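Quick look at entry_8.pdb (PDB, C-alpha atoms):
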ATOM      1  CA  MET A   5       2.949  18.224  13.332  1.00  0.00           C
ATOM      2  CA  ALA A   6       0.082  15.787  12.911  1.00  0.00           C
ATOM      3  CA  ALA A   7       0.736  12.093  13.361  1.00  0.00           C
ATOM      4  CA  SER A   8      -0.730   9.341  11.211  1.00  0.00           C
ATOM      5  CA  GLN A   9      -1.610   5.882  12.425  1.00  0.00           C
ATOM      6  CA  LEU A  10      -2.127   2.811  10.250  1.00  0.00           C
ATOM      7  CA  ARG A  11      -4.879   0.631  11.701  1.00  0.00           C
ATOM      8  CA  SER A  12      -6.974  -2.331  10.654  1.00  0.00           C
ATOM      9  CA  VAL A  13     -10.676  -2.858  11.223  1.00  0.00           C
ATOM     10  CA  THR A  14     -12.652  -6.029  10.670  1.00  0.00           C
ATOM     11  CA  ALA A  15     -15.664  -5.165   8.545  1.00  0.00           C
ATOM     12  CA  THR A  16     -18.646  -7.493   8.861  1.00  0.00           C
ATOM     13  CA  SER A  17     -22.119  -7.555   7.328  1.00  0.00           C
ATOM     14  CA  SER A  18     -23.236  -5.111  10.070  1.00  0.00           C
ATOM     15  CA  TYR A  19     -21.857  -1.626  10.620  1.00  0.00           C
ATOM     16  CA  VAL A  20     -18.917  -1.426  13.060  1.00  0.00           C
ATOM     17  CA  ALA A  21     -17.268   1.747  14.335  1.00  0.00           C
ATOM     18  CA  LEU A  22     -13.654   2.530  13.567  1.00  0.00           C
ATOM     19  CA  ALA A  23     -11.153   2.839  16.423  1.00  0.00           C
ATOM     20  CA  ASP A  24     -11.818   5.209  19.316  1.00  0.00           C
ATOM     21  CA  ILE A  25      -8.860   7.478  18.440  1.00  0.00           C
ATOM     22  CA  PRO A  26      -8.735  11.280  18.216  1.00  0.00           C
ATOM     23  CA  ALA A  27      -8.646  12.219  14.534  1.00  0.00           C
ATOM     24  CA  SER A  28      -9.175  14.994  12.045  1.00  0.00           C
ATOM     25  CA  ARG A  29      -9.226  12.832   8.899  1.00  0.00           C
ATOM     26  CA  VAL A  30      -9.569   9.131   8.104  1.00  0.00           C
ATOM     27  CA  SER A  31      -8.467   7.531   4.827  1.00  0.00           C
ATOM     28  CA  ILE A  32      -9.868   4.172   3.768  1.00  0.00           C
ATOM     29  CA  LEU A  33      -8.571   2.002   0.910  1.00  0.00           C
ATOM     30  CA  ASN A  34     -10.708  -0.917  -0.186  1.00  0.00           C
ATOM     31  CA  GLY A  35      -8.120  -3.622  -0.777  1.00  0.00           C
ATOM     32  CA  THR A  36     -10.709  -6.327  -0.075  1.00  0.00           C
ATOM     33  CA  SER A  37     -12.499  -8.597  -2.518  1.00  0.00           C
ATOM     34  CA  GLY A  38     -15.882  -6.934  -2.002  1.00  0.00           C
ATOM     35  CA  THR A  39     -17.682  -3.610  -1.822  1.00  0.00           C
ATOM     36  CA  LEU A  40     -17.534  -1.608   1.418  1.00  0.00           C
ATOM     37  CA  LEU A  41     -20.255   0.684   2.743  1.00  0.00           C
ATOM     38  CA  ILE A  42     -19.383   3.661   4.957  1.00  0.00           C
ATOM     39  CA  GLU A  43     -21.649   5.899   7.024  1.00  0.00           C
ATOM     40  CA  MET A  44     -21.211   8.679   9.556  1.00  0.00           C
ATOM     41  CA  LEU A  45     -22.461   8.398  13.128  1.00  0.00           C
ATOM     42  CA  GLY A  46     -25.865  10.048  13.424  1.00  0.00           C
ATOM     43  CA  ASP A  47     -26.253  10.410   9.653  1.00  0.00           C
ATOM     44  CA  SER A  48     -27.215   6.958   8.448  1.00  0.00           C
ATOM     45  CA  GLY A  49     -29.521   5.686   5.737  1.00  0.00           C
ATOM     46  CA  ALA A  50     -29.216   4.111   2.320  1.00  0.00           C
ATOM     47  CA  SER A  51     -29.066   7.465   0.547  1.00  0.00           C
ATOM     48  CA  LYS A  52     -26.339   8.802   2.871  1.00  0.00           C
ATOM     49  CA  GLU A  53     -23.798   5.989   2.830  1.00  0.00           C
ATOM     50  CA  ILE A  54     -20.643   5.937   0.736  1.00  0.00           C
ATOM     51  CA  THR A  55     -20.196   2.911  -1.509  1.00  0.00           C
ATOM     52  CA  LEU A  56     -16.525   2.061  -1.891  1.00  0.00           C
ATOM     53  CA  PRO A  57     -15.860  -0.398  -4.735  1.00  0.00           C
ATOM     54  CA  ILE A  58     -12.934  -2.816  -4.810  1.00  0.00           C
ATOM     55  CA  GLY A  59      -9.729  -0.791  -5.204  1.00  0.00           C
ATOM     56  CA  GLY A  60     -11.494   2.481  -4.343  1.00  0.00           C
ATOM     57  CA  SER A  61     -10.385   4.923  -1.661  1.00  0.00           C
ATOM     58  CA  VAL A  62     -11.864   7.842   0.242  1.00  0.00           C
ATOM     59  CA  GLY A  63     -10.671  10.440   2.731  1.00  0.00           C
ATOM     60  CA  ILE A  64     -13.201  11.649   5.286  1.00  0.00           C
ATOM     61  CA  ASN A  65     -12.815  14.624   7.629  1.00  0.00           C
ATOM     62  CA  VAL A  66     -14.183  14.012  11.118  1.00  0.00           C
ATOM     63  CA  VAL A  67     -15.032  16.381  13.960  1.00  0.00           C
ATOM     64  CA  ALA A  68     -12.972  14.795  16.734  1.00  0.00           C
ATOM     65  CA  ASN A  69     -12.655  11.016  16.554  1.00  0.00           C
ATOM     66  CA  ALA A  70     -12.294   8.148  14.071  1.00  0.00           C
ATOM     67  CA  ASP A  71     -15.222   6.293  15.651  1.00  0.00           C
ATOM     68  CA  GLU A  72     -17.566   8.818  14.023  1.00  0.00           C
ATOM     69  CA  ILE A  73     -17.224   6.553  10.969  1.00  0.00           C
ATOM     70  CA  ARG A  74     -18.999   3.188  10.631  1.00  0.00           C
ATOM     71  CA  ILE A  75     -18.039   0.598   8.014  1.00  0.00           C
ATOM     72  CA  LYS A  76     -19.420  -2.709   6.753  1.00  0.00           C
ATOM     73  CA  SER A  77     -18.652  -5.230   4.028  1.00  0.00           C
ATOM     74  CA  VAL A  78     -21.261  -6.329   1.509  1.00  0.00           C
ATOM     75  CA  SER A  79     -19.483  -9.686   1.092  1.00  0.00           C
ATOM     76  CA  GLY A  80     -19.081 -10.558   4.795  1.00  0.00           C
ATOM     77  CA  THR A  81     -16.160 -10.424   7.226  1.00  0.00           C
ATOM     78  CA  THR A  82     -12.942  -8.940   5.892  1.00  0.00           C
ATOM     79  CA  GLY A  83     -10.014  -6.863   7.158  1.00  0.00           C
ATOM     80  CA  VAL A  84      -9.728  -3.248   6.026  1.00  0.00           C
ATOM     81  CA  SER A  85      -6.695  -0.981   6.432  1.00  0.00           C
ATOM     82  CA  ILE A  86      -7.263   2.643   7.416  1.00  0.00           C
ATOM     83  CA  VAL A  87      -5.023   5.637   8.081  1.00  0.00           C
ATOM     84  CA  ILE A  88      -6.045   7.960  10.921  1.00  0.00           C
ATOM     85  CA  ASP A  89      -4.587  11.487  10.918  1.00  0.00           C
ATOM     86  CA  ASN A  90      -4.660  13.476  14.129  1.00  0.00           C
TER      87      ASN A  90
END
What do you get writing this file as structure tokens?
Amino acid sequence: MAASQLRSVTATSSYVALADIPASRVSILNGTSGTLLIEMLGDSGASKEITLPIGGSVGINVVANADEIRIKSVSGTTGVSIVIDN
């Protein structure tokens, strides 16, 4: 049976990687007061990022690890809760 882990990441105005944890899927809920931007490692660029509005959520399948995902906040530093399934 797969285990889920609830984690927090501090999103800043620059992209930061999620935790270095084995994963198959990562769920992100934007409970912050600003828009979040999400990109995949090795597949960056303005036309390839996911824009996650306030209150929005997304589930992303990853190859092997949660740190394949990078996240940043448009409004500056803020804490973001994520669920990592492995």
Run the PyMOL selection byres ((chain A and resi 57) around 12) against the file shown and list the residues it catches, as a ChimeraX atom specification. /A:32-42,54-56,58-62,77-79
Pick from A:Asp24, A:Asp71, A:Asp89, A:Asp47: nearest to Leu10 in chain A, with all atoms listed in the file counted? A:Asp89
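The closest residue to Ser28 in chain A, picked from A:Ser8, A:Lys76, A:Ile86, A:Ser51 and counting only C-alpha atoms, is A:Ser8.
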Report, in Å with one decimal, the straight-line distance from CA of Ala27 in chain A to CA of Ile88 in chain A.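 Those two atoms sit 6.2 Å apart.
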Could you give me, as number ranges by chain, the residues that sit within 7 Å of (-19.4, -1.0, 10.7) in the file's coordinates, counting only C-alpha atoms? A: 15-16, 18-21, 74-76
Hey, which of A:Thr14, A:Ala68, A:Lys52, A:Ser31 ends up closest to Gly80 in chain A? Count all atoms listed in the file. A:Thr14
Could you tell me, as an NGL selection string, exactly which residues end up selected when the PyMOL selection byres ((chain A and resi 70) around 6) is applied to this structure? :A and (22-23 or 25 or 27 or 69 or 71-72)
Take every atom of range 64-80 of chain A listed in the file, pad by 4 Å on each side, and give me the axis-aligned box centre and edge lengths in Å, one decimal, as lines of an AutoDock Vina configuration file.
center_x = -16.8
center_y = 2.9
center_z = 8.9
size_x = 17.0
size_y = 34.9
size_z = 23.6
Shortest interatomic distance to Gly63 in chain A - which of A:Met44, A:Val13, A:Ala7, A:Val87, counting all atoms listed in the file: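 Closest to Gly63 in chain A, using all atoms listed in the file: A:Val87.
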Between CA of Pro26 in chain A and CA of Val66 in chain A, what is the spacing in Å?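 So the two atoms, CA of Val66 in chain A and CA of Pro26 in chain A, lie 9.4 Å apart.
Taking CA of Ser85 in chain A as the reference point, CA of Ile73 in chain A is found at 13.7 Å.
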Among the residues A:Asn90, A:Thr82, A:Glu43, A:Arg29, the one that comes closest to Ile64 in chain A [using all atoms listed in the file]: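 Of all the options, A:Arg29 lies closest to Ile64 in chain A.
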May I ask you to restore N, CA and C atoms in range 53-84 of chain A and write the result as a JSON list (two decimals), in the coordinates of the input?
[["chain", "number", "residue", "atom", "x", "y", "z"],
["A", 53, "GLU", "N", -25.02, 6.76, 2.68],
["A", 53, "GLU", "CA", -23.80, 5.99, 2.83],
["A", 53, "GLU", "C", -22.91, 6.14, 1.60],
["A", 54, "ILE", "N", -21.62, 5.92, 1.82],
["A", 54, "ILE", "CA", -20.64, 5.94, 0.74],
["A", 54, "ILE", "C", -20.41, 4.49, 0.31],
["A", 55, "THR", "N", -20.51, 4.23, -0.97],
["A", 55, "THR", "CA", -20.20, 2.91, -1.51],
["A", 55, "THR", "C", -18.77, 2.95, -2.04],
["A", 56, "LEU", "N", -17.94, 2.09, -1.51],
["A", 56, "LEU", "CA", -16.52, 2.06, -1.89],
["A", 56, "LEU", "C", -16.24, 0.76, -2.62],
["A", 57, "PRO", "N", -16.09, 0.82, -3.96],
["A", 57, "PRO", "CA", -15.86, -0.40, -4.74],
["A", 57, "PRO", "C", -14.46, -0.96, -4.48],
["A", 58, "ILE", "N", -14.25, -2.17, -4.92],
["A", 58, "ILE", "CA", -12.93, -2.82, -4.81],
["A", 58, "ILE", "C", -11.88, -1.91, -5.44],
["A", 59, "GLY", "N", -10.81, -1.64, -4.71],
["A", 59, "GLY", "CA", -9.73, -0.79, -5.20],
["A", 59, "GLY", "C", -9.97, 0.69, -5.01],
["A", 60, "GLY", "N", -11.16, 1.08, -4.55],
["A", 60, "GLY", "CA", -11.49, 2.48, -4.34],
["A", 60, "GLY", "C", -10.94, 3.00, -3.03],
["A", 61, "SER", "N", -10.84, 4.32, -2.90],
["A", 61, "SER", "CA", -10.38, 4.92, -1.66],
["A", 61, "SER", "C", -11.17, 6.21, -1.41],
["A", 62, "VAL", "N", -11.17, 6.62, -0.14],
["A", 62, "VAL", "CA", -11.86, 7.84, 0.24],
["A", 62, "VAL", "C", -11.17, 8.42, 1.47],
["A", 63, "GLY", "N", -11.14, 9.74, 1.55],
["A", 63, "GLY", "CA", -10.67, 10.44, 2.73],
["A", 63, "GLY", "C", -11.85, 11.19, 3.32],
["A", 64, "ILE", "N", -12.05, 11.05, 4.63],
["A", 64, "ILE", "CA", -13.20, 11.65, 5.29],
["A", 64, "ILE", "C", -12.72, 12.50, 6.46],
["A", 65, "ASN", "N", -13.11, 13.76, 6.48],
["A", 65, "ASN", "CA", -12.82, 14.62, 7.63],
["A", 65, "ASN", "C", -13.82, 14.32, 8.73],
["A", 66, "VAL", "N", -13.32, 14.26, 9.97],
["A", 66, "VAL", "CA", -14.18, 14.01, 11.12],
["A", 66, "VAL", "C", -14.06, 15.17, 12.10],
["A", 67, "VAL", "N", -15.03, 15.29, 13.00],
["A", 67, "VAL", "CA", -15.03, 16.38, 13.96],
["A", 67, "VAL", "C", -13.95, 16.18, 15.01],
["A", 68, "ALA", "N", -13.90, 14.98, 15.62],
["A", 68, "ALA", "CA", -12.97, 14.80, 16.73],
["A", 68, "ALA", "C", -12.39, 13.40, 16.84],
["A", 69, "ASN", "N", -13.05, 12.38, 16.27],
["A", 69, "ASN", "CA", -12.66, 11.02, 16.55],
["A", 69, "ASN", "C", -12.97, 10.09, 15.38],
["A", 70, "ALA", "N", -12.10, 9.09, 15.18],
["A", 70, "ALA", "CA", -12.29, 8.15, 14.07],
["A", 70, "ALA", "C", -13.56, 7.32, 14.23],
["A", 71, "ASP", "N", -14.03, 7.12, 15.48],
["A", 71, "ASP", "CA", -15.22, 6.29, 15.65],
["A", 71, "ASP", "C", -16.52, 6.99, 15.23],
["A", 72, "GLU", "N", -16.40, 8.17, 14.65],
["A", 72, "GLU", "CA", -17.57, 8.82, 14.02],
["A", 72, "GLU", "C", -17.93, 8.11, 12.72],
["A", 73, "ILE", "N", -17.03, 7.27, 12.23],
["A", 73, "ILE", "CA", -17.22, 6.55, 10.97],
["A", 73, "ILE", "C", -17.57, 5.10, 11.26],
["A", 74, "ARG", "N", -18.58, 4.59, 10.55],
["A", 74, "ARG", "CA", -19.00, 3.19, 10.63],
["A", 74, "ARG", "C", -18.75, 2.56, 9.26],
["A", 75, "ILE", "N", -18.37, 1.28, 9.26],
["A", 75, "ILE", "CA", -18.04, 0.60, 8.01],
["A", 75, "ILE", "C", -18.61, -0.81, 8.04],
["A", 76, "LYS", "N", -19.01, -1.31, 6.87],
["A", 76, "LYS", "CA", -19.42, -2.71, 6.75],
["A", 76, "LYS", "C", -19.05, -3.23, 5.38],
["A", 77, "SER", "N", -19.00, -4.56, 5.27],
["A", 77, "SER", "CA", -18.65, -5.23, 4.03],
["A", 77, "SER", "C", -19.88, -5.90, 3.45],
["A", 78, "VAL", "N", -20.13, -5.70, 2.18],
["A", 78, "VAL", "CA", -21.26, -6.33, 1.51],
["A", 78, "VAL", "C", -21.05, -7.84, 1.41],
["A", 79, "SER", "N", -19.78, -8.27, 1.31],
["A", 79, "SER", "CA", -19.48, -9.69, 1.09],
["A", 79, "SER", "C", -19.21, -10.46, 2.37],
["A", 80, "GLY", "N", -19.33, -9.85, 3.54],
["A", 80, "GLY", "CA", -19.08, -10.56, 4.80],
["A", 80, "GLY", "C", -17.82, -10.07, 5.48],
["A", 81, "THR", "N", -17.29, -10.84, 6.39],
["A", 81, "THR", "CA", -16.16, -10.42, 7.23],
["A", 81, "THR", "C", -14.87, -10.31, 6.42],
["A", 82, "THR", "N", -14.20, -9.18, 6.58],
["A", 82, "THR", "CA", -12.94, -8.94, 5.89],
["A", 82, "THR", "C", -12.16, -7.85, 6.62],
["A", 83, "GLY", "N", -10.86, -7.89, 6.54],
["A", 83, "GLY", "CA", -10.01, -6.86, 7.16],
["A", 83, "GLY", "C", -9.82, -5.68, 6.22],
["A", 84, "VAL", "N", -9.87, -4.48, 6.80],
["A", 84, "VAL", "CA", -9.73, -3.25, 6.03],
["A", 84, "VAL", "C", -8.66, -2.40, 6.68]]
